[in-house]
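Engineer: Got a file for you: protein-v1.cif, mmCIF, C-alpha atoms.
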data_my_file
#
loop_
_atom_site.label_atom_id
_atom_site.label_comp_id
_atom_site.auth_asym_id
_atom_site.auth_seq_id
_atom_site.Cartn_x
_atom_site.Cartn_y
_atom_site.Cartn_z
CA MET A 88 -37.10 -104.15 31.08
CA THR A 89 -33.81 -103.66 29.35
CA SER A 90 -31.93 -100.42 29.71
CA LEU A 91 -32.88 -99.14 26.24
CA THR A 92 -36.54 -98.92 27.18
CA ASP A 93 -35.57 -97.48 30.56
CA ARG A 94 -33.56 -94.78 28.87
CA TYR A 95 -36.36 -94.03 26.44
CA VAL A 96 -38.99 -93.80 29.15
CA ASP A 97 -36.71 -91.64 31.28
CA ALA A 98 -36.03 -89.32 28.35
CA THR A 99 -39.76 -88.88 27.82
CA LEU A 100 -40.72 -88.48 31.47
CA ARG A 101 -37.99 -85.98 32.10
CA ARG A 102 -39.84 -83.46 29.96
CA LEU A 103 -43.19 -83.92 31.64
CA PRO A 104 -44.63 -82.28 34.73
CA ALA A 105 -44.10 -84.37 37.84
CA GLY A 106 -47.79 -84.95 38.46
CA GLN A 107 -48.28 -86.80 35.20
CA ARG A 108 -45.13 -88.87 35.24
CA HIS A 109 -46.15 -91.90 37.22
CA ASP A 110 -49.29 -92.62 35.25
CA ILE A 111 -47.67 -92.05 31.87
CA GLU A 112 -44.72 -94.20 32.84
CA ARG A 113 -46.89 -97.20 33.69
CA GLU A 114 -48.93 -96.86 30.54
CA LEU A 115 -45.95 -96.26 28.28
CA ARG A 116 -43.96 -99.19 29.67
CA SER A 117 -46.86 -101.61 29.28
CA SER A 118 -47.56 -100.36 25.74
CA ILE A 119 -43.93 -100.80 24.75
CA ALA A 120 -43.84 -104.25 26.34
CA ASP A 121 -47.02 -105.29 24.50
CA ALA A 122 -45.61 -104.13 21.18
CA VAL A 123 -42.31 -105.93 21.75
CA ASP A 124 -44.10 -109.12 22.77
CA ASP A 125 -46.13 -109.07 19.59
CA ARG A 126 -43.01 -108.77 17.45
CA VAL A 127 -41.20 -111.49 19.40
CA THR A 128 -44.16 -113.83 18.99
CA ALA A 129 -43.99 -113.11 15.26
CA GLY A 130 -40.39 -114.33 15.23
CA GLU A 131 -38.20 -111.27 15.78
CA ASP A 132 -35.42 -111.37 18.33
CA PRO A 133 -36.12 -109.30 21.45
CA ALA A 134 -33.34 -106.75 20.97
CA SER A 135 -34.26 -105.75 17.42
CA ALA A 136 -37.96 -105.83 18.35
CA GLU A 137 -37.32 -103.38 21.13
CA THR A 138 -35.31 -101.12 18.83
CA ALA A 139 -38.03 -101.22 16.20
CA VAL A 140 -40.78 -100.37 18.69
CA LEU A 141 -38.87 -97.45 20.18
CA THR A 142 -37.96 -96.19 16.71
CA GLY A 143 -41.63 -96.29 15.85
CA LEU A 144 -42.48 -94.22 18.90
CA GLY A 145 -39.96 -91.66 17.78
CA ASP A 146 -38.11 -88.82 19.47
CA PRO A 147 -38.96 -88.80 23.21
CA ALA A 148 -39.01 -85.01 23.09
CA ARG A 149 -41.79 -85.04 20.54
CA LEU A 150 -43.67 -87.74 22.39
CA ALA A 151 -43.46 -85.75 25.60
CA ALA A 152 -44.64 -82.72 23.66
CA SER A 153 -47.77 -84.57 22.57
CA TYR A 154 -48.39 -85.72 26.13
CA ALA A 155 -47.86 -82.36 27.74
CA SER A 156 -50.80 -80.05 28.04
CA ARG A 157 -48.46 -77.09 28.07
CA PRO A 158 -47.92 -75.11 24.87
CA LEU A 159 -44.67 -75.85 23.11
CA TYR A 160 -44.00 -72.28 22.15
CA LEU A 161 -43.17 -69.14 24.04
CA ILE A 162 -45.76 -66.86 22.51
CA GLY A 163 -48.64 -68.31 20.53
CA PRO A 164 -50.79 -67.06 17.68
CA LYS A 165 -53.42 -65.68 20.03
CA VAL A 166 -51.29 -62.85 21.41
CA TYR A 167 -48.45 -62.81 18.90
CA THR A 168 -49.70 -59.90 16.79
CA ASP A 169 -50.27 -57.82 19.91
CA TYR A 170 -46.79 -58.70 21.13
CA ILE A 171 -45.17 -57.58 17.89
CA LYS A 172 -47.18 -54.38 17.79
CA VAL A 173 -46.24 -53.40 21.33
CA LEU A 174 -42.62 -54.39 20.79
CA LYS A 175 -42.30 -52.23 17.70
CA ALA A 176 -44.01 -49.28 19.33
CA LEU A 177 -41.80 -49.41 22.41
CA LEU A 178 -38.55 -49.86 20.54
CA ALA A 179 -39.36 -47.04 18.14
CA SER A 180 -40.22 -44.58 20.87
CA VAL A 181 -38.28 -45.41 24.02
CA VAL A 182 -34.88 -46.21 22.52
CA PRO A 183 -34.41 -42.87 20.70
CA ILE A 184 -35.54 -40.92 23.75
CA VAL A 185 -33.15 -42.74 26.05
CA ALA A 186 -30.33 -42.30 23.55
CA ALA A 187 -31.02 -38.57 23.31
CA VAL A 188 -31.12 -38.17 27.07
CA VAL A 189 -27.86 -40.07 27.53
CA ALA A 190 -26.22 -37.96 24.83
CA VAL A 191 -27.36 -34.78 26.52
CA VAL A 192 -26.15 -35.88 29.93
CA HIS A 193 -22.73 -36.75 28.56
CA ILE A 194 -22.43 -33.45 26.74
CA PHE A 195 -23.41 -31.78 29.98
CA ASP A 196 -20.51 -33.56 31.68
CA GLY A 197 -18.17 -32.27 29.02
CA ALA A 198 -17.21 -35.67 27.65
CA ASP A 199 -15.40 -35.81 24.34
CA PHE A 200 -17.10 -36.84 21.14
CA GLY A 201 -15.98 -40.47 21.18
CA ASP A 202 -17.31 -40.96 24.69
CA ILE A 203 -20.63 -39.42 23.80
CA VAL A 204 -21.12 -41.65 20.79
CA GLY A 205 -20.03 -44.75 22.65
CA ALA A 206 -22.25 -44.07 25.62
CA THR A 207 -25.24 -43.25 23.45
CA ILE A 208 -24.95 -46.38 21.35
CA GLY A 209 -24.38 -48.47 24.46
CA ALA A 210 -27.46 -47.03 26.12
CA ALA A 211 -29.55 -47.56 22.99
CA ILE A 212 -28.53 -51.21 22.67
CA ASN A 213 -29.02 -51.87 26.35
CA THR A 214 -32.46 -50.27 26.37
CA ALA A 215 -33.53 -52.21 23.30
CA LEU A 216 -32.41 -55.50 24.84
CA GLN A 217 -34.15 -54.78 28.12
CA ILE A 218 -37.40 -53.89 26.36
CA ALA A 219 -37.24 -57.00 24.18
CA PHE A 220 -36.52 -59.29 27.12
CA TRP A 221 -39.12 -57.99 29.57
CA LEU A 222 -41.83 -57.67 26.95
CA THR A 223 -41.19 -61.23 25.76
CA LEU A 224 -41.33 -62.46 29.33
CA ILE A 225 -44.60 -60.66 30.01
CA PHE A 226 -46.23 -62.02 26.89
CA ALA A 227 -44.93 -65.52 27.59
CA ILE A 228 -46.70 -65.30 30.93
CA VAL A 229 -49.83 -63.93 29.32
CA GLU A 230 -49.78 -66.86 26.91
CA ARG A 231 -49.80 -69.25 29.82
CA THR A 232 -52.42 -67.64 31.97
CA ASP A 233 -55.87 -68.90 31.24
CA THR A 234 -57.42 -65.48 30.99
CA ARG A 235 -60.20 -64.77 28.61
CA LEU A 236 -57.72 -62.29 27.23
CA SER A 237 -59.04 -61.46 23.83
CA PRO A 238 -56.87 -59.15 21.76
CA THR A 239 -57.55 -55.57 22.71
CA LYS A 240 -60.57 -55.44 20.48
CA THR A 241 -61.70 -57.27 17.39
CA TRP A 242 -60.28 -55.84 14.24
CA THR A 243 -62.57 -54.16 11.74
CA PRO A 244 -61.71 -52.54 8.42
CA ALA A 245 -62.08 -49.18 10.16
CA ASP A 246 -58.72 -49.96 11.76
CA LEU A 247 -56.88 -49.85 8.46
CA PRO A 248 -54.40 -46.98 8.37
CA ALA A 249 -55.86 -44.23 6.25
CA PRO A 250 -53.97 -43.56 3.03
CA PRO A 251 -53.01 -39.91 3.20
CA SER A 252 -55.34 -38.07 0.91
CA ARG A 253 -53.92 -35.79 -1.71
CA ARG A 254 -55.39 -32.83 0.09
CA ALA A 255 -53.81 -33.79 3.39
CA ARG A 256 -50.41 -34.15 1.78
CA TYR A 257 -50.81 -30.82 0.02
CA GLY A 258 -51.72 -29.22 3.30
CA GLU A 259 -48.60 -30.72 4.83
CA LEU A 260 -46.52 -29.30 2.02
CA ILE A 261 -47.96 -25.83 2.45
CA ALA A 262 -47.38 -25.93 6.18
CA GLU A 263 -43.81 -27.05 5.68
CA SER A 264 -43.18 -24.25 3.18
CA VAL A 265 -44.61 -21.59 5.43
CA PHE A 266 -42.67 -22.78 8.43
CA THR A 267 -39.41 -23.13 6.53
CA VAL A 268 -39.59 -19.72 4.91
CA ALA A 269 -40.58 -18.05 8.15
CA PHE A 270 -37.75 -19.81 9.97
CA ALA A 271 -35.20 -18.75 7.37
CA ALA A 272 -36.47 -15.19 7.38
CA LEU A 273 -36.34 -15.04 11.15
CA ILE A 274 -32.75 -16.17 11.26
CA LEU A 275 -31.62 -13.82 8.50
CA LEU A 276 -33.38 -10.87 10.06
CA SER A 277 -32.30 -11.64 13.61
CA PRO A 278 -29.26 -9.36 13.57
CA SER A 279 -31.58 -6.38 13.34
CA PHE A 280 -33.87 -7.37 16.19
CA GLY A 281 -33.51 -4.78 18.87
CA LEU A 282 -34.09 -6.94 21.92
CA LYS A 283 -31.04 -5.46 23.52
CA LYS A 284 -29.20 -2.38 22.42
CA ASP A 285 -25.57 -1.54 22.93
CA GLY A 286 -24.10 1.79 23.90
CA SER A 287 -24.56 3.44 20.51
CA GLY A 288 -28.13 2.27 20.17
CA SER A 289 -27.64 -0.43 17.58
CA PRO A 290 -29.13 -3.80 18.37
CA ILE A 291 -27.03 -6.63 19.80
CA GLN A 292 -27.45 -9.78 17.73
CA VAL A 293 -29.00 -12.73 19.49
CA LEU A 294 -27.13 -15.20 17.36
CA ASP A 295 -23.37 -15.33 17.25
CA PRO A 296 -21.98 -13.06 14.50
CA TRP A 297 -19.44 -15.74 13.76
CA LEU A 298 -22.22 -17.62 12.00
CA TRP A 299 -22.46 -14.78 9.47
CA ASP A 300 -18.75 -14.13 9.22
CA SER A 301 -17.94 -17.73 8.48
CA GLY A 302 -20.94 -18.17 6.22
CA VAL A 303 -22.23 -21.11 8.25
CA VAL A 304 -25.67 -19.55 8.53
CA TYR A 305 -25.96 -19.33 4.76
CA VAL A 306 -24.89 -22.94 4.32
CA PHE A 307 -27.39 -23.94 7.01
CA LEU A 308 -30.25 -22.11 5.35
CA ALA A 309 -29.26 -23.33 1.89
CA PHE A 310 -29.68 -26.91 3.04
CA VAL A 311 -32.93 -26.10 4.81
CA LEU A 312 -34.36 -24.59 1.64
CA ALA A 313 -33.00 -27.47 -0.43
CA GLY A 314 -34.88 -29.81 1.89
CA LEU A 315 -38.03 -27.87 1.10
CA GLY A 316 -37.30 -28.33 -2.60
CA PHE A 317 -37.09 -32.08 -2.08
CA SER A 318 -40.46 -32.01 -0.33
CA PHE A 319 -41.97 -30.39 -3.41
CA ALA A 320 -40.34 -32.97 -5.64
CA ARG A 321 -41.73 -35.75 -3.47
CA HIS A 322 -45.20 -34.29 -3.72
CA TYR A 323 -45.31 -33.75 -7.46
CA ALA A 324 -43.11 -36.52 -8.81
CA LYS A 325 -43.29 -40.27 -8.54
CA TRP A 326 -41.50 -41.91 -5.64
CA ASN A 327 -37.83 -42.30 -6.45
CA TRP A 328 -35.50 -43.96 -3.96
CA PRO A 329 -32.23 -42.16 -4.88
CA ARG A 330 -33.99 -38.82 -4.74
CA GLU A 331 -35.61 -39.63 -1.42
CA ILE A 332 -32.36 -40.81 0.16
CA ALA A 333 -30.65 -37.66 -1.11
CA GLY A 334 -33.49 -35.58 0.28
CA MET A 335 -33.20 -37.27 3.64
CA LEU A 336 -29.47 -36.60 3.79
CA VAL A 337 -29.97 -32.99 2.75
CA ARG A 338 -32.46 -32.58 5.56
CA ILE A 339 -30.11 -34.16 8.08
CA VAL A 340 -27.32 -31.66 7.32
CA PRO A 341 -28.96 -28.67 9.03
CA SER A 342 -29.48 -30.72 12.21
CA ALA A 343 -25.87 -31.86 12.05
CA ILE A 344 -24.72 -28.27 11.58
CA LEU A 345 -26.79 -27.26 14.58
CA ILE A 346 -25.13 -29.91 16.70
CA TRP A 347 -21.66 -28.96 15.53
CA VAL A 348 -22.27 -25.29 16.07
CA ALA A 349 -23.76 -25.88 19.51
CA VAL A 350 -20.86 -28.08 20.61
CA ASN A 351 -18.42 -25.41 19.46
CA ASP A 352 -20.36 -22.78 21.32
CA HIS A 353 -21.13 -20.59 18.36
CA VAL A 354 -24.87 -20.25 18.62
CA ILE A 355 -25.62 -17.41 20.98
CA ASN A 356 -23.78 -14.13 20.78
CA PRO A 357 -21.66 -13.77 23.95
CA ALA A 358 -22.33 -10.05 23.87
CA PHE A 359 -26.02 -10.75 24.01
CA ILE A 360 -25.63 -13.02 26.97
CA ALA A 361 -23.62 -10.39 28.79
CA SER A 362 -26.19 -7.73 28.03
CA VAL A 363 -29.06 -9.83 29.28
CA GLY A 364 -27.14 -10.51 32.44
CA TRP A 365 -26.94 -14.24 32.21
CA PRO A 366 -23.74 -15.78 33.56
CA GLU A 367 -21.09 -16.79 31.05
CA GLU A 368 -21.73 -20.43 31.76
CA ALA A 369 -25.18 -20.02 30.32
CA THR A 370 -23.89 -21.25 26.98
CA GLN A 371 -22.90 -24.52 28.60
CA TRP A 372 -26.49 -25.00 29.61
CA ILE A 373 -27.97 -23.99 26.30
CA ALA A 374 -25.70 -26.16 24.18
CA PRO A 375 -26.98 -29.56 25.38
CA GLY A 376 -30.53 -28.51 24.65
CA LEU A 377 -29.58 -27.52 21.11
CA VAL A 378 -27.66 -30.75 20.60
CA ALA A 379 -30.66 -32.74 21.76
CA GLY A 380 -32.79 -30.67 19.41
CA GLY A 381 -30.46 -31.49 16.55
CA ALA A 382 -30.50 -35.18 17.44
CA ILE A 383 -34.26 -35.21 17.56
CA GLY A 384 -34.28 -33.42 14.22
CA ILE A 385 -32.15 -36.12 12.65
CA ILE A 386 -34.26 -38.90 14.09
CA SER A 387 -37.49 -37.28 12.99
CA THR A 388 -36.13 -36.77 9.48
CA ILE A 389 -35.32 -40.45 9.24
CA THR A 390 -38.67 -41.60 10.61
CA ASP A 391 -40.45 -39.13 8.35
CA THR A 392 -38.73 -40.60 5.32
CA ILE A 393 -39.67 -44.09 6.44
CA ARG A 394 -43.26 -43.02 6.95
CA HIS A 395 -43.45 -41.56 3.49
CA ALA A 396 -41.83 -44.63 2.05
CA ARG A 397 -44.56 -46.80 3.52
CA ASN A 398 -47.38 -44.55 2.43
CA ARG A 399 -46.23 -44.01 -1.11
CA MET B 268 -45.71 -84.75 -5.05
CA ASP B 269 -43.60 -83.65 -2.10
CA GLU B 270 -43.74 -86.39 0.54
CA GLU B 271 -44.00 -84.04 3.46
CA LEU B 272 -46.74 -82.00 1.86
CA LEU B 273 -48.73 -85.16 1.18
CA SER B 274 -48.31 -86.47 4.70
CA THR B 275 -49.28 -83.11 6.21
CA HIS B 276 -52.54 -83.02 4.33
CA LEU B 277 -53.29 -86.67 5.01
CA GLN B 278 -52.66 -86.05 8.68
CA GLU B 279 -55.05 -83.10 8.64
CA LEU B 280 -57.71 -85.15 6.95
CA ARG B 281 -57.40 -88.06 9.36
CA ARG B 282 -56.97 -86.14 12.60
CA GLY B 283 -60.64 -85.73 13.36
CA THR B 284 -61.65 -89.12 12.05
CA VAL B 285 -59.41 -90.97 14.50
CA VAL B 286 -61.11 -89.23 17.42
CA LEU B 287 -64.53 -90.35 16.22
CA ALA B 288 -63.24 -93.87 15.55
CA CYS B 289 -61.82 -94.12 19.09
CA LEU B 290 -65.04 -92.91 20.67
CA LEU B 291 -67.02 -95.48 18.73
CA ILE B 292 -64.65 -98.39 19.29
CA LEU B 293 -64.17 -97.66 22.97
CA GLU B 294 -67.83 -98.09 23.71
CA GLN B 295 -66.29 -101.40 24.59
CA ALA B 296 -63.41 -100.86 27.00
CA ASN B 297 -59.93 -101.50 25.70
CA TYR B 298 -56.31 -100.51 26.28
CA GLY B 299 -53.83 -98.53 24.21
CA TYR B 300 -51.93 -101.14 22.27
CA ALA B 301 -54.94 -103.35 21.60
CA LEU B 302 -56.87 -100.32 20.40
CA LEU B 303 -54.06 -99.62 17.97
CA GLU B 304 -54.53 -103.08 16.47
CA VAL B 305 -58.33 -102.74 16.29
CA LEU B 306 -57.96 -99.43 14.46
CA GLU B 307 -55.51 -101.01 12.02
CA GLN B 308 -57.90 -103.87 11.37
CA HIS B 309 -60.70 -101.43 10.56
CA GLY B 310 -58.45 -99.50 8.22
CA PHE B 311 -57.59 -96.48 10.38
CA SER B 312 -53.85 -95.98 10.29
CA VAL B 313 -52.62 -94.24 13.43
CA ASP B 314 -49.16 -93.97 14.91
CA ALA B 315 -48.68 -95.12 18.47
CA ASN B 316 -47.09 -91.79 19.39
CA THR B 317 -50.25 -90.07 18.19
CA LEU B 318 -52.78 -92.43 19.75
CA TYR B 319 -51.47 -92.64 23.31
CA PRO B 320 -51.40 -88.87 23.94
CA LEU B 321 -54.74 -88.60 22.15
CA LEU B 322 -56.35 -91.04 24.58
CA ARG B 323 -55.06 -89.00 27.51
CA ARG B 324 -56.38 -85.80 25.97
CA LEU B 325 -59.82 -87.33 25.38
CA GLU B 326 -59.86 -88.54 28.97
CA LYS B 327 -58.93 -85.09 30.19
CA GLN B 328 -61.82 -83.69 28.14
CA GLY B 329 -64.16 -86.11 29.88
CA LEU B 330 -64.93 -88.11 26.75
CA LEU B 331 -63.20 -91.26 28.00
CA ILE B 332 -63.03 -92.91 31.41
CA SER B 333 -59.94 -94.87 32.40
CA ASP B 334 -59.35 -97.74 34.78
CA TRP B 335 -56.18 -99.51 35.70
CA ASN B 336 -56.63 -103.24 35.23
CA THR B 337 -54.25 -105.20 37.46
CA ASP B 338 -55.71 -108.63 36.78
CA GLU B 339 -52.77 -109.78 34.71
CA SER B 340 -49.09 -109.57 35.57
CA ARG B 341 -48.80 -106.52 33.38
CA PRO B 342 -51.09 -103.72 34.58
CA ARG B 343 -52.92 -102.04 31.74
CA LYS B 344 -54.88 -98.81 31.52
CA PHE B 345 -58.30 -99.49 30.04
CA TYR B 346 -60.30 -96.72 28.40
CA ARG B 347 -64.04 -96.62 27.94
CA THR B 348 -66.22 -94.03 26.23
CA SER B 349 -68.06 -91.87 28.77
CA PRO B 350 -71.69 -90.81 28.36
CA ASP B 351 -70.44 -87.43 27.16
CA GLY B 352 -68.22 -89.24 24.71
CA ILE B 353 -71.10 -91.30 23.37
CA GLU B 354 -73.18 -88.18 22.91
CA LEU B 355 -70.34 -86.44 21.10
CA ALA B 356 -69.80 -89.51 18.91
CA GLN B 357 -73.43 -89.34 17.82
CA THR B 358 -73.12 -85.66 16.98
CA LEU B 359 -69.91 -86.22 15.08
CA THR B 360 -71.44 -89.12 13.17
CA VAL B 361 -74.33 -86.95 12.05
CA ASP B 362 -71.84 -84.35 10.93
CA TRP B 363 -69.80 -86.97 9.15
CA ASP B 364 -72.87 -88.21 7.26
CA SER B 365 -73.76 -84.72 6.12
CA LEU B 366 -70.18 -84.20 4.96
CA HIS B 367 -70.42 -87.43 3.02
CA THR B 368 -73.61 -86.25 1.38
CA ALA B 369 -72.00 -82.91 0.61
CA PHE B 370 -69.07 -84.56 -1.14
CA ARG B 371 -71.35 -86.81 -3.13
CA SER B 372 -73.31 -83.82 -4.34
CA LEU B 373 -70.02 -82.17 -5.25
CA LYS B 374 -68.98 -85.16 -7.29
CA GLY B 375 -72.43 -85.33 -8.77
CA GLN B 376 -72.10 -81.76 -9.96
CA GLN B 377 -68.70 -82.41 -11.40
CA SER B 378 -69.61 -85.53 -13.37
#
Taking this structure as input, can you express it in the form of structure tokens?

Structural biologist:
Amino acid sequence: MTSLTDRYVDATLRRLPAGQRHDIERELRSSIADAVDDRVTAGEDPASAETAVLTGLGDPARLAASYASRPLYLIGPKVYTDYIKVLKALLASVVPIVAAVVAVVHIFDGADFGDIVGATIGAAINTALQIAFWLTLIFAIVERTDTRLSPTKTWTPADLPAPPSRRARYGELIAESVFTVAFAALILLSPSFGLKKDGSGSPIQVLDPWLWDSGVVYVFLAFVLAGLGFSFARHYAKWNWPREIAGMLVRIVPSAILIWVAVNDHVINPAFIASVGWPEEATQWIAPGLVAGGAIGIISTITDTIRHARNR
Amino acid sequence: MDEELLSTHLQELRRGTVVLACLLILEQANYGYALLEVLEQHGFSVDANTLYPLLRRLEKQGLLISDWNTDESRPRKFYRTSPDGIELAQTLTVDWDSLHTAFRSLKGQQS
């Protein structure tokens, strides 16, 4: 055997499991030799006959692939849809939670804004990569184990996501209106709540008076009510991307204001904290919670918009 | 017509037929390269890089039995259709005949 055939056979065998190699090698070599002999008998010179035969057999990688009883893909059609479903579900849920927790912890430690953002993004990326890697590995193993692993259950039309009925969406709208108006009313009326009274008998505000003095509370509520207006527009008018993006941004503003106000320690009235008897550092504990709340608000606004986009 | 599209469909059409052809031909034992020639003579065009792995797969499925023949200077692996293989060949032939009838009726309806 000349070295060209040797190299070809080696290239093929290299990709095959050790147990099969010996038998395939014998068979392959004799088949190649037979083919070459035929061409030589027909008048070709041995070298070009050998080249022609090996060319006809083609890429050793592909030949080995045909020989191998192992699948030539990481995750096959059988479990692929399940894999994608689980991957999407995990990424959509775990990554935001981890990001929020990391953000909160860093705020807790008193890091500056740049550090918080950097750490949060880093954690989010890292978590996403870890999920993707381990899930892919698990499903690659599942693909290779000869379990009678049927997909979780056979699909029937009952599994189709229900289109939100008009009544359900109307109900949602009503609920949102009630909640929004009640929330706004609560905030505006909070200065007069007499949970704690000062020396002259007038109530101590729960929320920081600075919010009223600077007008931030009015800006906050204006955007909240504007968001409600966008919800009505979405319900009664045809889907319109510019309007929906604007609506999403308008809804994000209140959450952003909450975060900003919490970081700057302007949410709870210090006088109220003193009157209740909490230590001054209480604000440092409350702020991270509010920031996390704001972050979750932003994330849920975005996912809500996406959900409505899909269901339109 | 796009060459690759044509060859894909031709491959799909022929894939099953080559299996049946091998099972029928190998009722008399033969080895890889010779089998290739016999198939060519009968009008079945198969590539070597398709046939050799196919023979191994059929053996693994119990449809062929193999023997190494060391009579000549070059040892050769001879394949022979197993009883299971013969039975399968009969079933496939019946199916093939009914397909043939089905196509004829199709053409009959179209003419």

Engineer: Find the residues in chain B near chain A: any atom within 7 Å counts, using only C-alpha atoms. Write them as a PDB file with C-alpha atoms, in the frame of the given file.

Structural biologist:
ATOM      1  CA  GLY B 299     -53.830 -98.530  24.210  1.00  0.00           C
ATOM      2  CA  TYR B 300     -51.930-101.140  22.270  1.00  0.00           C
ATOM      3  CA  ALA B 315     -48.680 -95.120  18.470  1.00  0.00           C
ATOM      4  CA  ASN B 316     -47.090 -91.790  19.390  1.00  0.00           C
ATOM      5  CA  PRO B 320     -51.400 -88.870  23.940  1.00  0.00           C
ATOM      6  CA  ARG B 341     -48.800-106.520  33.380  1.00  0.00           C
ATOM      7  CA  ARG B 343     -52.920-102.040  31.740  1.00  0.00           C
ATOM      8  CA  LYS B 344     -54.880 -98.810  31.520  1.00  0.00           C
TER       9      LYS B 344
END

Engineer: Evaluated on this file, the PyMOL selection byres ((chain B and resi 302-309) around 9) picks out some residues - which ones are they, written as a ChimeraX atom specification?

Structural biologist: /B:285,288-289,292-293,297-301,310-315,318

Engineer: When the PyMOL selection byres ((chain B and resi 326) around 12) is applied to the file above, which residues end up in the set, as a PyMOL selection string?

Structural biologist: chain B and resi 286+289-290+293+319-325+327-334+344-349+351-352

Engineer: So which one's closest to Gly286 (chain A), A:Ser362, A:Gly197, A:Trp372, A:Ile389? Using all atoms listed in the file, please.

Structural biologist: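 Of all the options, A:Ser362 lies closest to Gly286 (chain A).
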
Engineer: Just how far from CA of Ala176 (chain A) is CA of Phe220 (chain A), in Å to one decimal?

Structural biologist: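 Distance reported for this atom pair: 14.7 Å.
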
Engineer: What is the CA of Ala358 (chain A)-CA of Ala269 (chain A) distance in Å, reported with one decimal?

Structural biologist: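 Separating CA of Ala358 (chain A) from CA of Ala269 (chain A) is a distance of 25.4 Å.
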
Engineer: Within 10 Å of Gly380 (chain A), counting only C-alpha atoms, which residues qualify if same-chain residues fewer than 2 places away don't, as a list in words?

Structural biologist: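 Non-adjacent residues within range: Ala187, Val191, Ser342, Leu345, Ile346, Ala374, Pro375, Gly376, Leu377, Val378, Ala382, Ile383, Gly384, Ile385 and Ile386 of chain A.
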
Engineer: Using CA of Pro366 (chain A) and CA of Pro296 (chain A) as the two end points, give the distance in Å to one decimal.

Structural biologist: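 Interatomic distance here is 19.3 Å.
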
Engineer: Can you tell me which residues surround Phe310 (chain A) at a distance of at most 8 Å, considering only C-alpha atoms, apart from same-chain residues fewer than 3 positions away, and format the answer as a CSV table (one decimal) with C-alpha atoms, in the frame of the given file?

Structural biologist:
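Dumped everything to selection_20.csv:
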chain,number,residue,atom,x,y,z
A,306,VAL,CA,-24.9,-22.9,4.3
A,307,PHE,CA,-27.4,-23.9,7.0
A,313,ALA,CA,-33.0,-27.5,-0.4
A,314,GLY,CA,-34.9,-29.8,1.9
A,337,VAL,CA,-30.0,-33.0,2.8
A,338,ARG,CA,-32.5,-32.6,5.6
A,340,VAL,CA,-27.3,-31.7,7.3
A,341,PRO,CA,-29.0,-28.7,9.0
